[in-house]
Amino acid sequence: MAGSSMPRTGDHSILTAIGGTPLIRLGGIVPDGAAEVWVKLEGGNPTGSYKDRMALSVIRAALERGDVRQGDTLVEFTGGSTGMSLALVAGVLGLKFTAVFSDAFSHSKQQAMEAFGATVVVEHSDDGLITTALAERMRERAHDLAAQPGHHYVDQFGSPDVPPGYVPMGTEIATSLGGEFDVFCHGVGTGGALMGALDGMRAAGASPQVVALEPTQAPLLSEGRSGAHSVEGIAVFTDPAFLDRSRLDDVRVIDQNRAFDTCRRLACSEGVFAGASTGLNVAAAIELAEQLGSGHRVVTIACDTGLKYLGEQPYV
């Protein structure tokens with residue numbers, strides 16, 4: 001179980017496997033005459049998600065400050081990917097983890113969190129749909145649990161330690177491409193990955209245009225209107241804590257069904273097996289590539305592995 005052994009903080013623990021993921025160029029699904037589309041394959045992280053980067057950043061910082069100690073319990077509400085990452089890192093660093101989850105998300109994610117040693121508390125949804133109201137209930141329940149002695153709220157939607165975890169991802173992209181790319185597009189959940197990666201890109205000398213993405217079914221950023229959707233990990237709250245809108249060049253909406261279709265095309269034609277948020281990212285990247293034309297580059301993120309979504313959208 002998580003927290004049952006002494007932390008392994010040396011250079012040979014699984015934590016050293018976080019980051020350094022491949023960057024690939026898509027082929028057949030990008031139309032002729034379009035810009036190049038490059039995708040950072042974050043499914044190569046230990047839990048199969050770029051959330052490993054964030055979890056390591058947040059937990060290490062909390063331990064270094066003395067905010068938490070070995071044997072304490074971290075608490076967070078999560079759709080699963082963040083929960084897996086927190087469970088993994090917490091276990092290695094001598095902590096426990098409780099996830100507030102919901103049946104609106106992939107059941108396989110609950111199983112994976114439990115496999116990493118997490119205690120999972122389930123908040124039931126309305127008809128299996130992801131809504132702002134559901135997220136609010138999950139957050140309240142997490143706050144209640146975190147108020148217990150020896151428990152601490154991670155705060156993935158507010159901790160200042162979240163964006164720095166994604167800075168290396170942006171640096172890796174910029175270094176791989178020599179700083180030469182025109183647009184970076186990515187879906188917005190907390191905004192931490194988008195802003196953190198952008199910080200890393202700019203520190204490495206790249207200055208791409210930045211396009212934030214969201215599903216048509218929940219145009220929170222573009223219209224300030226919430227809605228039920230099935231793209232896990234994005235479009236949760238109307239005011240993402242880490243998103244600096246002044247750094248955005250555009251906000252685009254992509255229909256979730258188009259995102260699901262793009263996922264299936266990625267798997268069949270490119271060998272990239274990922275979740276719906278990746279499908280949304282790539283659908284938007286191809287749209288932007290068609291508009292820019294040849295001689296340009298668009299970069300986006302494959303956030304996690306599709307193994308988490310078997311039996312769920314987009315693989316049903």
# chains A, B, ... in the order shown; residues from 1 in each chain; ligands from 1
>>> residues_around(residues="segment 256-266 of chain A", least_positions_apart="3", cutoff="8 Å", atoms="only C-alpha atoms", output="number ranges by chain")
A: 29, 215-217, 229-231, 269-283, 313-315
>>> residues_around(residues="Asn45 of chain A", least_positions_apart="6", cutoff="7 Å", atoms="only C-alpha atoms", output="PyMOL selection string")
chain A and resi 17-19+52
>>> closest_residue(among="A:Leu129, A:Leu134, A:Ala146, A:Val58", to="Glu76 of chain A", atoms="only C-alpha atoms")
A:Ala146
>>> closest_residue(among="A:Thr98, A:Met54, A:Thr238, A:Thr47", to="Ala112 of chain A", atoms="only C-alpha atoms")
A:Thr47
>>> closest_atom_pairs(of="segment 112-219 of chain A", to="segment 80-90 of chain A", cutoff="8 Å", atoms="only C-alpha atoms", output="JSON lines")
{"residue": "A:Ala112", "atom": "CA", "partner": "A:Met84", "partner_atom": "CA", "distance": 6.6}
{"residue": "A:Met113", "atom": "CA", "partner": "A:Met84", "partner_atom": "CA", "distance": 4.7}
{"residue": "A:Phe116", "atom": "CA", "partner": "A:Ala87", "partner_atom": "CA", "distance": 5.7}
{"residue": "A:Gly117", "atom": "CA", "partner": "A:Ala87", "partner_atom": "CA", "distance": 6.4}
{"residue": "A:Ala118", "atom": "CA", "partner": "A:Ala87", "partner_atom": "CA", "distance": 5.6}
>>> residues_around(residues="Ile59 of chain A", least_positions_apart="3", cutoff="12 Å", atoms="only C-alpha atoms", output="MDAnalysis selection string")
chainID A and resid 15 52:56 62:70 72:75 85:97 152:156 159:162 165
>>> residues_around(residues="Gln110 of chain A", least_positions_apart="3", cutoff="10 Å", atoms="only C-alpha atoms", output="PyMOL selection string")
chain A and resi 78-81+83-84+99-103+105-107+113-115+118-122+308
>>> write_last_selection(atoms="N, CA, C and O atoms", output="PDB file, in the first residue's frame")
ATOM      1  N   THR A  78     -10.500  14.099  -8.616  1.00  0.00           N
ATOM      2  CA  THR A  78      -9.836  13.809  -9.878  1.00  0.00           C
ATOM      3  C   THR A  78     -10.682  12.932 -10.784  1.00  0.00           C
ATOM      4  O   THR A  78     -11.467  12.118 -10.305  1.00  0.00           O
ATOM      5  N   GLY A  79     -10.479  13.115 -12.090  1.00  0.00           N
ATOM      6  CA  GLY A  79     -11.100  12.231 -13.069  1.00  0.00           C
ATOM      7  C   GLY A  79     -10.301  10.962 -13.279  1.00  0.00           C
ATOM      8  O   GLY A  79     -10.708  10.103 -14.057  1.00  0.00           O
ATOM      9  N   GLY A  80      -9.155  10.860 -12.617  1.00  0.00           N
ATOM     10  CA  GLY A  80      -8.405   9.616 -12.665  1.00  0.00           C
ATOM     11  C   GLY A  80      -6.941   9.754 -13.019  1.00  0.00           C
ATOM     12  O   GLY A  80      -6.077   9.180 -12.351  1.00  0.00           O
ATOM     13  N   SER A  81      -6.624  10.510 -14.058  1.00  0.00           N
ATOM     14  CA  SER A  81      -5.222  10.607 -14.476  1.00  0.00           C
ATOM     15  C   SER A  81      -4.379  11.286 -13.407  1.00  0.00           C
ATOM     16  O   SER A  81      -3.303  10.798 -13.033  1.00  0.00           O
ATOM     17  N   GLY A  83      -5.140  11.439 -10.306  1.00  0.00           N
ATOM     18  CA  GLY A  83      -5.162  10.539  -9.172  1.00  0.00           C
ATOM     19  C   GLY A  83      -4.132   9.444  -9.270  1.00  0.00           C
ATOM     20  O   GLY A  83      -3.471   9.091  -8.278  1.00  0.00           O
ATOM     21  N   MET A  84      -3.984   8.862 -10.456  1.00  0.00           N
ATOM     22  CA  MET A  84      -2.956   7.837 -10.649  1.00  0.00           C
ATOM     23  C   MET A  84      -1.567   8.404 -10.393  1.00  0.00           C
ATOM     24  O   MET A  84      -0.727   7.793  -9.724  1.00  0.00           O
ATOM     25  N   ALA A  99      -8.349   9.616  -3.251  1.00  0.00           N
ATOM     26  CA  ALA A  99      -8.923  10.273  -4.422  1.00  0.00           C
ATOM     27  C   ALA A  99     -10.433  10.366  -4.296  1.00  0.00           C
ATOM     28  O   ALA A  99     -11.094   9.373  -3.977  1.00  0.00           O
ATOM     29  N   VAL A 100     -10.982  11.555  -4.551  1.00  0.00           N
ATOM     30  CA  VAL A 100     -12.424  11.704  -4.717  1.00  0.00           C
ATOM     31  C   VAL A 100     -12.685  11.622  -6.215  1.00  0.00           C
ATOM     32  O   VAL A 100     -12.235  12.468  -6.995  1.00  0.00           O
ATOM     33  N   PHE A 101     -13.396  10.585  -6.622  1.00  0.00           N
ATOM     34  CA  PHE A 101     -13.579  10.205  -8.018  1.00  0.00           C
ATOM     35  C   PHE A 101     -15.074  10.252  -8.342  1.00  0.00           C
ATOM     36  O   PHE A 101     -15.896  10.597  -7.490  1.00  0.00           O
ATOM     37  N   SER A 102     -15.445   9.924  -9.573  1.00  0.00           N
ATOM     38  CA  SER A 102     -16.857   9.847  -9.952  1.00  0.00           C
ATOM     39  C   SER A 102     -17.070   8.762 -10.992  1.00  0.00           C
ATOM     40  O   SER A 102     -16.156   8.462 -11.777  1.00  0.00           O
ATOM     41  N   ASP A 103     -18.292   8.230 -11.011  1.00  0.00           N
ATOM     42  CA  ASP A 103     -18.622   7.230 -12.023  1.00  0.00           C
ATOM     43  C   ASP A 103     -18.811   7.839 -13.406  1.00  0.00           C
ATOM     44  O   ASP A 103     -19.075   7.113 -14.369  1.00  0.00           O
ATOM     45  N   PHE A 105     -16.360   9.039 -14.938  1.00  0.00           N
ATOM     46  CA  PHE A 105     -15.064   8.801 -15.556  1.00  0.00           C
ATOM     47  C   PHE A 105     -14.817   7.300 -15.727  1.00  0.00           C
ATOM     48  O   PHE A 105     -15.516   6.470 -15.154  1.00  0.00           O
ATOM     49  N   SER A 106     -13.805   6.998 -16.514  1.00  0.00           N
ATOM     50  CA  SER A 106     -13.475   5.614 -16.834  1.00  0.00           C
ATOM     51  C   SER A 106     -13.243   4.773 -15.582  1.00  0.00           C
ATOM     52  O   SER A 106     -12.422   5.123 -14.727  1.00  0.00           O
ATOM     53  N   HIS A 107     -13.961   3.636 -15.485  1.00  0.00           N
ATOM     54  CA  HIS A 107     -13.801   2.752 -14.325  1.00  0.00           C
ATOM     55  C   HIS A 107     -12.388   2.188 -14.260  1.00  0.00           C
ATOM     56  O   HIS A 107     -11.867   1.921 -13.166  1.00  0.00           O
ATOM     57  N   MET A 113      -5.905   3.611 -10.029  1.00  0.00           N
ATOM     58  CA  MET A 113      -5.570   4.347  -8.803  1.00  0.00           C
ATOM     59  C   MET A 113      -5.443   3.400  -7.619  1.00  0.00           C
ATOM     60  O   MET A 113      -4.518   3.507  -6.809  1.00  0.00           O
ATOM     61  N   GLU A 114      -6.390   2.475  -7.522  1.00  0.00           N
ATOM     62  CA  GLU A 114      -6.347   1.509  -6.425  1.00  0.00           C
ATOM     63  C   GLU A 114      -5.123   0.611  -6.539  1.00  0.00           C
ATOM     64  O   GLU A 114      -4.513   0.250  -5.511  1.00  0.00           O
ATOM     65  N   ALA A 115      -4.743   0.270  -7.758  1.00  0.00           N
ATOM     66  CA  ALA A 115      -3.553  -0.564  -7.939  1.00  0.00           C
ATOM     67  C   ALA A 115      -2.298   0.153  -7.452  1.00  0.00           C
ATOM     68  O   ALA A 115      -1.377  -0.477  -6.925  1.00  0.00           O
ATOM     69  N   ALA A 118      -4.062   3.892  -3.905  1.00  0.00           N
ATOM     70  CA  ALA A 118      -4.961   4.955  -3.473  1.00  0.00           C
ATOM     71  C   ALA A 118      -6.230   4.399  -2.841  1.00  0.00           C
ATOM     72  O   ALA A 118      -6.706   3.322  -3.200  1.00  0.00           O
ATOM     73  N   THR A 119      -6.788   5.176  -1.905  1.00  0.00           N
ATOM     74  CA  THR A 119      -8.151   4.953  -1.435  1.00  0.00           C
ATOM     75  C   THR A 119      -9.056   5.811  -2.309  1.00  0.00           C
ATOM     76  O   THR A 119      -8.802   7.012  -2.485  1.00  0.00           O
ATOM     77  N   VAL A 120     -10.094   5.225  -2.897  1.00  0.00           N
ATOM     78  CA  VAL A 120     -10.953   5.940  -3.843  1.00  0.00           C
ATOM     79  C   VAL A 120     -12.354   6.094  -3.271  1.00  0.00           C
ATOM     80  O   VAL A 120     -13.001   5.108  -2.909  1.00  0.00           O
ATOM     81  N   VAL A 121     -12.819   7.335  -3.203  1.00  0.00           N
ATOM     82  CA  VAL A 121     -14.169   7.672  -2.752  1.00  0.00           C
ATOM     83  C   VAL A 121     -14.943   8.139  -3.979  1.00  0.00           C
ATOM     84  O   VAL A 121     -14.481   9.039  -4.700  1.00  0.00           O
ATOM     85  N   VAL A 122     -16.117   7.536  -4.242  1.00  0.00           N
ATOM     86  CA  VAL A 122     -16.845   7.803  -5.481  1.00  0.00           C
ATOM     87  C   VAL A 122     -18.028   8.746  -5.252  1.00  0.00           C
ATOM     88  O   VAL A 122     -18.892   8.481  -4.412  1.00  0.00           O
ATOM     89  N   LYS A 308      -6.311   3.646 -20.856  1.00  0.00           N
ATOM     90  CA  LYS A 308      -7.181   4.055 -19.753  1.00  0.00           C
ATOM     91  C   LYS A 308      -8.651   4.139 -20.160  1.00  0.00           C
ATOM     92  O   LYS A 308      -9.515   4.314 -19.298  1.00  0.00           O
TER      93      LYS A 308
END
>>> atom_distance(atom1="atom CA of Asp199 of chain A", atom2="atom CA of Thr171 of chain A")
8.2 Å
>>> select_by_dssp(residues="segment 127-292 of chain A", states="strand (DSSP E or B)", output="PyMOL selection string")
chain A and resi 130+151-153+183-187+209-215+229+250-254
>>> write_last_selection(atoms="C-alpha atoms", output="mmCIF file, in the first residue's frame")
data_model
loop_
_atom_site.group_PDB
_atom_site.id
_atom_site.type_symbol
_atom_site.label_atom_id
_atom_site.label_comp_id
_atom_site.auth_asym_id
_atom_site.auth_seq_id
_atom_site.Cartn_x
_atom_site.Cartn_y
_atom_site.Cartn_z
ATOM 1 C CA ILE A 130 -19.180 15.461 -16.669
ATOM 2 C CA HIS A 151 -4.655 14.969 5.740
ATOM 3 C CA HIS A 152 -3.689 17.630 3.201
ATOM 4 C CA TYR A 153 -5.465 18.964 0.112
ATOM 5 C CA VAL A 183 1.605 27.408 -33.036
ATOM 6 C CA PHE A 184 1.140 25.520 -29.796
ATOM 7 C CA CYS A 185 -2.421 24.343 -29.114
ATOM 8 C CA HIS A 186 -3.779 22.475 -26.126
ATOM 9 C CA GLY A 187 -7.039 21.800 -24.276
ATOM 10 C CA GLN A 209 1.202 31.565 -31.058
ATOM 11 C CA VAL A 210 -0.914 29.951 -28.337
ATOM 12 C CA VAL A 211 -4.369 28.495 -28.950
ATOM 13 C CA ALA A 212 -6.505 27.191 -26.071
ATOM 14 C CA LEU A 213 -9.008 24.443 -26.850
ATOM 15 C CA GLU A 214 -12.327 23.263 -25.419
ATOM 16 C CA PRO A 215 -15.212 21.023 -26.535
ATOM 17 C CA HIS A 229 -19.508 16.595 -22.205
ATOM 18 C CA ASP A 250 -7.082 32.344 -29.806
ATOM 19 C CA VAL A 251 -9.613 29.995 -28.212
ATOM 20 C CA ARG A 252 -11.105 27.278 -30.406
ATOM 21 C CA VAL A 253 -13.913 24.803 -29.910
ATOM 22 C CA ILE A 254 -13.861 21.255 -31.282
#
>>> select_by_dssp(residues="segment 170-291 of chain A", states="alpha helix (DSSP H)", output="PyMOL selection string")
chain A and resi 170-176+192-203+220-223+256-265+276-291
>>> write_last_selection(atoms="C-alpha atoms", output="PDB file, in the first residue's frame")
ATOM      1  CA  GLY A 170       7.785  22.858 -23.046  1.00  0.00           C
ATOM      2  CA  THR A 171      11.564  23.000 -22.894  1.00  0.00           C
ATOM      3  CA  GLU A 172      11.805  19.485 -24.352  1.00  0.00           C
ATOM      4  CA  ILE A 173       9.531  20.457 -27.259  1.00  0.00           C
ATOM      5  CA  ALA A 174      11.397  23.666 -28.043  1.00  0.00           C
ATOM      6  CA  THR A 175      14.789  21.950 -27.846  1.00  0.00           C
ATOM      7  CA  SER A 176      13.684  19.087 -30.117  1.00  0.00           C
ATOM      8  CA  GLY A 192      -1.449  24.546 -15.778  1.00  0.00           C
ATOM      9  CA  ALA A 193      -0.086  22.389 -18.582  1.00  0.00           C
ATOM     10  CA  LEU A 194      -0.668  25.052 -21.226  1.00  0.00           C
ATOM     11  CA  MET A 195       0.924  27.873 -19.218  1.00  0.00           C
ATOM     12  CA  GLY A 196       3.746  25.772 -17.783  1.00  0.00           C
ATOM     13  CA  ALA A 197       4.697  24.358 -21.169  1.00  0.00           C
ATOM     14  CA  LEU A 198       4.592  27.847 -22.671  1.00  0.00           C
ATOM     15  CA  ASP A 199       6.978  29.079 -19.967  1.00  0.00           C
ATOM     16  CA  GLY A 200       9.361  26.280 -20.882  1.00  0.00           C
ATOM     17  CA  MET A 201       9.103  27.006 -24.590  1.00  0.00           C
ATOM     18  CA  ARG A 202       9.806  30.694 -24.146  1.00  0.00           C
ATOM     19  CA  ALA A 203      12.690  30.049 -21.776  1.00  0.00           C
ATOM     20  CA  LEU A 220     -16.490  27.847 -21.002  1.00  0.00           C
ATOM     21  CA  LEU A 221     -13.690  30.064 -22.290  1.00  0.00           C
ATOM     22  CA  SER A 222     -15.227  31.202 -25.554  1.00  0.00           C
ATOM     23  CA  GLU A 223     -18.790  31.820 -24.373  1.00  0.00           C
ATOM     24  CA  GLN A 256     -16.340  16.022 -28.936  1.00  0.00           C
ATOM     25  CA  ASN A 257     -17.491  13.547 -31.588  1.00  0.00           C
ATOM     26  CA  ARG A 258     -14.818  14.890 -33.914  1.00  0.00           C
ATOM     27  CA  ALA A 259     -12.311  14.421 -31.085  1.00  0.00           C
ATOM     28  CA  PHE A 260     -13.437  10.804 -30.633  1.00  0.00           C
ATOM     29  CA  ASP A 261     -13.116  10.150 -34.366  1.00  0.00           C
ATOM     30  CA  THR A 262      -9.631  11.685 -34.415  1.00  0.00           C
ATOM     31  CA  CYS A 263      -8.602   9.348 -31.579  1.00  0.00           C
ATOM     32  CA  ARG A 264      -9.604   6.320 -33.594  1.00  0.00           C
ATOM     33  CA  ARG A 265      -7.811   7.643 -36.703  1.00  0.00           C
ATOM     34  CA  ALA A 276     -10.303  11.970 -26.022  1.00  0.00           C
ATOM     35  CA  SER A 277      -8.450  15.093 -24.903  1.00  0.00           C
ATOM     36  CA  THR A 278      -5.638  14.083 -27.258  1.00  0.00           C
ATOM     37  CA  GLY A 279      -8.165  13.626 -30.052  1.00  0.00           C
ATOM     38  CA  LEU A 280      -9.426  17.144 -29.424  1.00  0.00           C
ATOM     39  CA  ASN A 281      -5.869  18.503 -29.425  1.00  0.00           C
ATOM     40  CA  VAL A 282      -4.936  16.786 -32.670  1.00  0.00           C
ATOM     41  CA  ALA A 283      -8.196  17.663 -34.437  1.00  0.00           C
ATOM     42  CA  ALA A 284      -7.517  21.315 -33.665  1.00  0.00           C
ATOM     43  CA  ALA A 285      -3.851  21.012 -34.655  1.00  0.00           C
ATOM     44  CA  ILE A 286      -4.816  19.611 -38.065  1.00  0.00           C
ATOM     45  CA  GLU A 287      -7.364  22.386 -38.534  1.00  0.00           C
ATOM     46  CA  LEU A 288      -4.702  24.976 -37.752  1.00  0.00           C
ATOM     47  CA  ALA A 289      -2.181  23.208 -40.012  1.00  0.00           C
ATOM     48  CA  GLU A 290      -4.589  23.386 -42.940  1.00  0.00           C
ATOM     49  CA  GLN A 291      -5.034  27.096 -42.388  1.00  0.00           C
TER      50      GLN A 291
END
>>> residues_around(residues="Leu23 of chain A", least_positions_apart="4", cutoff="10 Å", atoms="only C-alpha atoms", output="PyMOL selection string")
chain A and resi 38-42+172-173+176-177+299-302
>>> decode(residues="segment 65-89 of chain A", atoms="N, CA, C and O atoms", output="mmCIF file, in the first residue's frame")
data_model
loop_
_atom_site.group_PDB
_atom_site.id
_atom_site.type_symbol
_atom_site.label_atom_id
_atom_site.label_comp_id
_atom_site.auth_asym_id
_atom_site.auth_seq_id
_atom_site.Cartn_x
_atom_site.Cartn_y
_atom_site.Cartn_z
ATOM 1 N N ARG A 65 9.029 22.018 1.734
ATOM 2 C CA ARG A 65 8.586 23.106 2.610
ATOM 3 C C ARG A 65 8.187 22.615 3.999
ATOM 4 O O ARG A 65 8.000 23.407 4.915
ATOM 5 N N GLY A 66 7.997 21.306 4.132
ATOM 6 C CA GLY A 66 7.533 20.758 5.394
ATOM 7 C C GLY A 66 6.028 20.835 5.565
ATOM 8 O O GLY A 66 5.507 20.634 6.670
ATOM 9 N N ASP A 67 5.309 21.090 4.478
ATOM 10 C CA ASP A 67 3.845 21.143 4.545
ATOM 11 C C ASP A 67 3.259 19.763 4.825
ATOM 12 O O ASP A 67 2.186 19.649 5.436
ATOM 13 N N VAL A 68 3.928 18.714 4.349
ATOM 14 C CA VAL A 68 3.499 17.344 4.612
ATOM 15 C C VAL A 68 4.699 16.539 5.088
ATOM 16 O O VAL A 68 5.850 16.904 4.822
ATOM 17 N N ARG A 69 4.397 15.454 5.804
ATOM 18 C CA ARG A 69 5.442 14.581 6.312
ATOM 19 C C ARG A 69 5.120 13.140 5.962
ATOM 20 O O ARG A 69 3.972 12.800 5.666
ATOM 21 N N GLN A 70 6.144 12.281 6.010
ATOM 22 C CA GLN A 70 5.949 10.861 5.727
ATOM 23 C C GLN A 70 4.812 10.305 6.566
ATOM 24 O O GLN A 70 4.705 10.593 7.760
ATOM 25 N N GLY A 71 3.955 9.532 5.928
ATOM 26 C CA GLY A 71 2.813 8.925 6.597
ATOM 27 C C GLY A 71 1.549 9.748 6.501
ATOM 28 O O GLY A 71 0.453 9.238 6.767
ATOM 29 N N ASP A 72 1.646 11.033 6.116
ATOM 30 C CA ASP A 72 0.455 11.863 5.936
ATOM 31 C C ASP A 72 -0.332 11.394 4.720
ATOM 32 O O ASP A 72 0.184 10.664 3.856
ATOM 33 N N THR A 73 -1.583 11.851 4.638
ATOM 34 C CA THR A 73 -2.465 11.483 3.518
ATOM 35 C C THR A 73 -2.777 12.707 2.670
ATOM 36 O O THR A 73 -3.274 13.724 3.176
ATOM 37 N N LEU A 74 -2.496 12.618 1.404
ATOM 38 C CA LEU A 74 -2.870 13.651 0.442
ATOM 39 C C LEU A 74 -4.273 13.363 -0.067
ATOM 40 O O LEU A 74 -4.661 12.195 -0.209
ATOM 41 N N VAL A 75 -5.033 14.414 -0.370
ATOM 42 C CA VAL A 75 -6.407 14.271 -0.858
ATOM 43 C C VAL A 75 -6.593 15.150 -2.089
ATOM 44 O O VAL A 75 -6.146 16.306 -2.119
ATOM 45 N N GLU A 76 -7.245 14.618 -3.110
ATOM 46 C CA GLU A 76 -7.567 15.403 -4.301
ATOM 47 C C GLU A 76 -8.800 14.842 -4.980
ATOM 48 O O GLU A 76 -9.060 13.632 -4.917
ATOM 49 N N PHE A 77 -9.580 15.704 -5.623
ATOM 50 C CA PHE A 77 -10.667 15.209 -6.471
ATOM 51 C C PHE A 77 -10.135 15.163 -7.896
ATOM 52 O O PHE A 77 -9.388 16.042 -8.336
ATOM 53 N N THR A 78 -10.500 14.099 -8.616
ATOM 54 C CA THR A 78 -9.836 13.809 -9.878
ATOM 55 C C THR A 78 -10.682 12.932 -10.784
ATOM 56 O O THR A 78 -11.467 12.118 -10.305
ATOM 57 N N GLY A 79 -10.479 13.115 -12.090
ATOM 58 C CA GLY A 79 -11.100 12.231 -13.069
ATOM 59 C C GLY A 79 -10.301 10.962 -13.279
ATOM 60 O O GLY A 79 -10.708 10.103 -14.057
ATOM 61 N N GLY A 80 -9.155 10.860 -12.617
ATOM 62 C CA GLY A 80 -8.405 9.616 -12.665
ATOM 63 C C GLY A 80 -6.941 9.754 -13.019
ATOM 64 O O GLY A 80 -6.077 9.180 -12.351
ATOM 65 N N SER A 81 -6.624 10.510 -14.058
ATOM 66 C CA SER A 81 -5.222 10.607 -14.476
ATOM 67 C C SER A 81 -4.379 11.286 -13.407
ATOM 68 O O SER A 81 -3.303 10.798 -13.033
ATOM 69 N N THR A 82 -4.864 12.415 -12.879
ATOM 70 C CA THR A 82 -4.143 13.076 -11.798
ATOM 71 C C THR A 82 -4.066 12.166 -10.585
ATOM 72 O O THR A 82 -3.036 12.099 -9.900
ATOM 73 N N GLY A 83 -5.140 11.439 -10.306
ATOM 74 C CA GLY A 83 -5.162 10.539 -9.172
ATOM 75 C C GLY A 83 -4.132 9.444 -9.270
ATOM 76 O O GLY A 83 -3.471 9.091 -8.278
ATOM 77 N N MET A 84 -3.984 8.862 -10.456
ATOM 78 C CA MET A 84 -2.956 7.837 -10.649
ATOM 79 C C MET A 84 -1.567 8.404 -10.393
ATOM 80 O O MET A 84 -0.727 7.793 -9.724
ATOM 81 N N SER A 85 -1.334 9.602 -10.940
ATOM 82 C CA SER A 85 -0.026 10.225 -10.791
ATOM 83 C C SER A 85 0.277 10.546 -9.335
ATOM 84 O O SER A 85 1.383 10.295 -8.845
ATOM 85 N N LEU A 86 -0.707 11.105 -8.628
ATOM 86 C CA LEU A 86 -0.513 11.427 -7.218
ATOM 87 C C LEU A 86 -0.293 10.162 -6.388
ATOM 88 O O LEU A 86 0.543 10.141 -5.473
ATOM 89 N N ALA A 87 -1.044 9.105 -6.706
ATOM 90 C CA ALA A 87 -0.877 7.847 -5.976
ATOM 91 C C ALA A 87 0.519 7.280 -6.174
ATOM 92 O O ALA A 87 1.171 6.815 -5.220
ATOM 93 N N LEU A 88 1.000 7.308 -7.411
ATOM 94 C CA LEU A 88 2.344 6.797 -7.702
ATOM 95 C C LEU A 88 3.403 7.572 -6.940
ATOM 96 O O LEU A 88 4.228 6.988 -6.216
ATOM 97 N N VAL A 89 3.402 8.888 -7.105
ATOM 98 C CA VAL A 89 4.450 9.710 -6.482
ATOM 99 C C VAL A 89 4.342 9.668 -4.966
ATOM 100 O O VAL A 89 5.355 9.572 -4.267
#
